[in-house]
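Data first, discussion second: the structure below is written as structure tokens.
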Amino acid sequence: MDIRHLFERHYPGLVRFLYERLGDRDQAEDLAQETFVRLLRRPPRDPHGWLYVVASNLARDAARGELRRSRHLQLLTGDRATASAPGPDGALLRDEDAARVHAALAALSERDRTLLLLRADGVPYREVARVLHVAPTSVAPLLARAQRRFLRAFTKRSDDVEASRASR
């Protein structure tokens, strides 16, 4: 199996295929590269069809992950349904959510905070890369790690709050 030939032949098509599903060129390129990394790790018998199956699975997983992360990051903009409830309960939930988000963000490195806030503002990967002085292809993995760290910090903060309430 000639990997170089497969890459030259299929990479542009994989990027188009992934871009149509994700709407993000940088992410499509990252996932196309990941598809070829997986090809190198475990070469299949029929790499042509396999490439698109793996790319499709990666796109699905990325979309699911993005949905899950966006739900958590909606806290940054106060879009949670419970937090928008009228009256004192809604205000209390908004304040608690905001405190947890700020605490979770404070627990992160400056780079992670910057990544998350730029992404929440919809800044394109290329601009994020310029701001952070990294290669554009590095933004997606850095962002994924920052999001995982944020979710761990946020979950820990939420667990601490729940434990505090239970002990009252």
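Note on naming: chains are A, B, ... as they come in the structure tokens, residues start from 1 per chain, ligands start from 1 in the order shown.
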Requested in this report: Quick one: everything within 12 Å of Val131 in chain A, counting only C-alpha atoms, minus sequence neighbours fewer than 4 positions away in the same chain. Send it as a list of chain:residue names.
Outcome: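 Returned residues: A:Arg111, A:Thr114, A:Leu115, A:Leu118, A:Arg119, A:Val123, A:Pro124, A:Tyr125, A:Arg126, A:Glu127, A:Ala135, A:Pro136, A:Val139.
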Serialized selection, N, CA and C atoms, as an mmCIF file, in the first residue's frame:
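Saved result, result-v3.cif, follows:
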```
data_model
loop_
_atom_site.group_PDB
_atom_site.id
_atom_site.type_symbol
_atom_site.label_atom_id
_atom_site.label_comp_id
_atom_site.auth_asym_id
_atom_site.auth_seq_id
_atom_site.Cartn_x
_atom_site.Cartn_y
_atom_site.Cartn_z
ATOM 1 N N ARG A 111 -3.694 30.623 28.308
ATOM 2 C CA ARG A 111 -3.906 30.180 26.928
ATOM 3 C C ARG A 111 -5.231 29.456 26.783
ATOM 4 N N THR A 114 -8.059 31.963 26.944
ATOM 5 C CA THR A 114 -8.111 32.727 25.692
ATOM 6 C C THR A 114 -8.724 31.901 24.579
ATOM 7 N N LEU A 115 -8.291 30.650 24.452
ATOM 8 C CA LEU A 115 -8.849 29.756 23.430
ATOM 9 C C LEU A 115 -10.360 29.638 23.563
ATOM 10 N N LEU A 118 -12.214 33.036 22.838
ATOM 11 C CA LEU A 118 -12.196 33.369 21.411
ATOM 12 C C LEU A 118 -13.146 32.464 20.636
ATOM 13 N N ARG A 119 -13.136 31.185 20.958
ATOM 14 C CA ARG A 119 -14.019 30.246 20.262
ATOM 15 C C ARG A 119 -15.486 30.548 20.570
ATOM 16 N N VAL A 123 -14.554 33.365 16.847
ATOM 17 C CA VAL A 123 -13.351 33.768 16.123
ATOM 18 C C VAL A 123 -12.835 32.567 15.324
ATOM 19 N N PRO A 124 -12.528 32.752 14.042
ATOM 20 C CA PRO A 124 -12.033 31.638 13.211
ATOM 21 C C PRO A 124 -10.696 31.093 13.717
ATOM 22 N N TYR A 125 -10.444 29.826 13.434
ATOM 23 C CA TYR A 125 -9.223 29.159 13.883
ATOM 24 C C TYR A 125 -7.966 29.920 13.454
ATOM 25 N N ARG A 126 -7.943 30.419 12.241
ATOM 26 C CA ARG A 126 -6.737 31.112 11.754
ATOM 27 C C ARG A 126 -6.430 32.351 12.602
ATOM 28 N N GLU A 127 -7.468 33.066 12.990
ATOM 29 C CA GLU A 127 -7.279 34.249 13.830
ATOM 30 C C GLU A 127 -6.857 33.840 15.239
ATOM 31 N N ALA A 135 0.538 27.409 15.131
ATOM 32 C CA ALA A 135 0.123 27.041 13.781
ATOM 33 C C ALA A 135 -1.389 26.840 13.751
ATOM 34 N N PRO A 136 -2.040 27.231 12.658
ATOM 35 C CA PRO A 136 -3.499 27.041 12.572
ATOM 36 C C PRO A 136 -3.919 25.589 12.788
ATOM 37 N N VAL A 139 -4.672 24.623 16.511
ATOM 38 C CA VAL A 139 -5.783 25.208 17.267
ATOM 39 C C VAL A 139 -6.802 24.154 17.692
#
```
Do you have, as JSON lines, the list of residues of range 27-58 of chain A lying at most 10 Å from range 16-22 of chain A, each with its nearest atom pair and that distance in Å to one decimal, counting only C-alpha atoms and ordered by chain then number?
```
{"residue": "A:Gln27", "atom": "CA", "partner": "A:Leu22", "partner_atom": "CA", "distance": 7.6}
{"residue": "A:Ala28", "atom": "CA", "partner": "A:Leu18", "partner_atom": "CA", "distance": 5.0}
{"residue": "A:Glu29", "atom": "CA", "partner": "A:Leu18", "partner_atom": "CA", "distance": 7.9}
{"residue": "A:Asp30", "atom": "CA", "partner": "A:Leu18", "partner_atom": "CA", "distance": 9.7}
{"residue": "A:Leu31", "atom": "CA", "partner": "A:Leu18", "partner_atom": "CA", "distance": 7.6}
{"residue": "A:Ala32", "atom": "CA", "partner": "A:Leu18", "partner_atom": "CA", "distance": 7.5}
{"residue": "A:Tyr52", "atom": "CA", "partner": "A:Phe17", "partner_atom": "CA", "distance": 8.3}
{"residue": "A:Ala55", "atom": "CA", "partner": "A:Leu18", "partner_atom": "CA", "distance": 7.0}
{"residue": "A:Ser56", "atom": "CA", "partner": "A:Leu18", "partner_atom": "CA", "distance": 7.3}
{"residue": "A:Leu58", "atom": "CA", "partner": "A:Leu18", "partner_atom": "CA", "distance": 8.9}
```
Dump C-alpha atoms for the selected residues as an mmCIF file, in the first residue's frame?
```
data_model
loop_
_atom_site.group_PDB
_atom_site.id
_atom_site.type_symbol
_atom_site.label_atom_id
_atom_site.label_comp_id
_atom_site.auth_asym_id
_atom_site.auth_seq_id
_atom_site.Cartn_x
_atom_site.Cartn_y
_atom_site.Cartn_z
ATOM 1 C CA GLN A 27 -11.503 21.120 11.422
ATOM 2 C CA ALA A 28 -12.079 19.247 8.155
ATOM 3 C CA GLU A 29 -8.336 19.361 7.442
ATOM 4 C CA ASP A 30 -7.524 18.196 10.971
ATOM 5 C CA LEU A 31 -9.914 15.263 10.717
ATOM 6 C CA ALA A 32 -8.647 14.316 7.253
ATOM 7 C CA TYR A 52 -14.366 7.681 4.060
ATOM 8 C CA ALA A 55 -13.648 10.226 8.168
ATOM 9 C CA SER A 56 -17.427 9.992 8.522
ATOM 10 C CA LEU A 58 -14.617 11.229 13.023
#
```
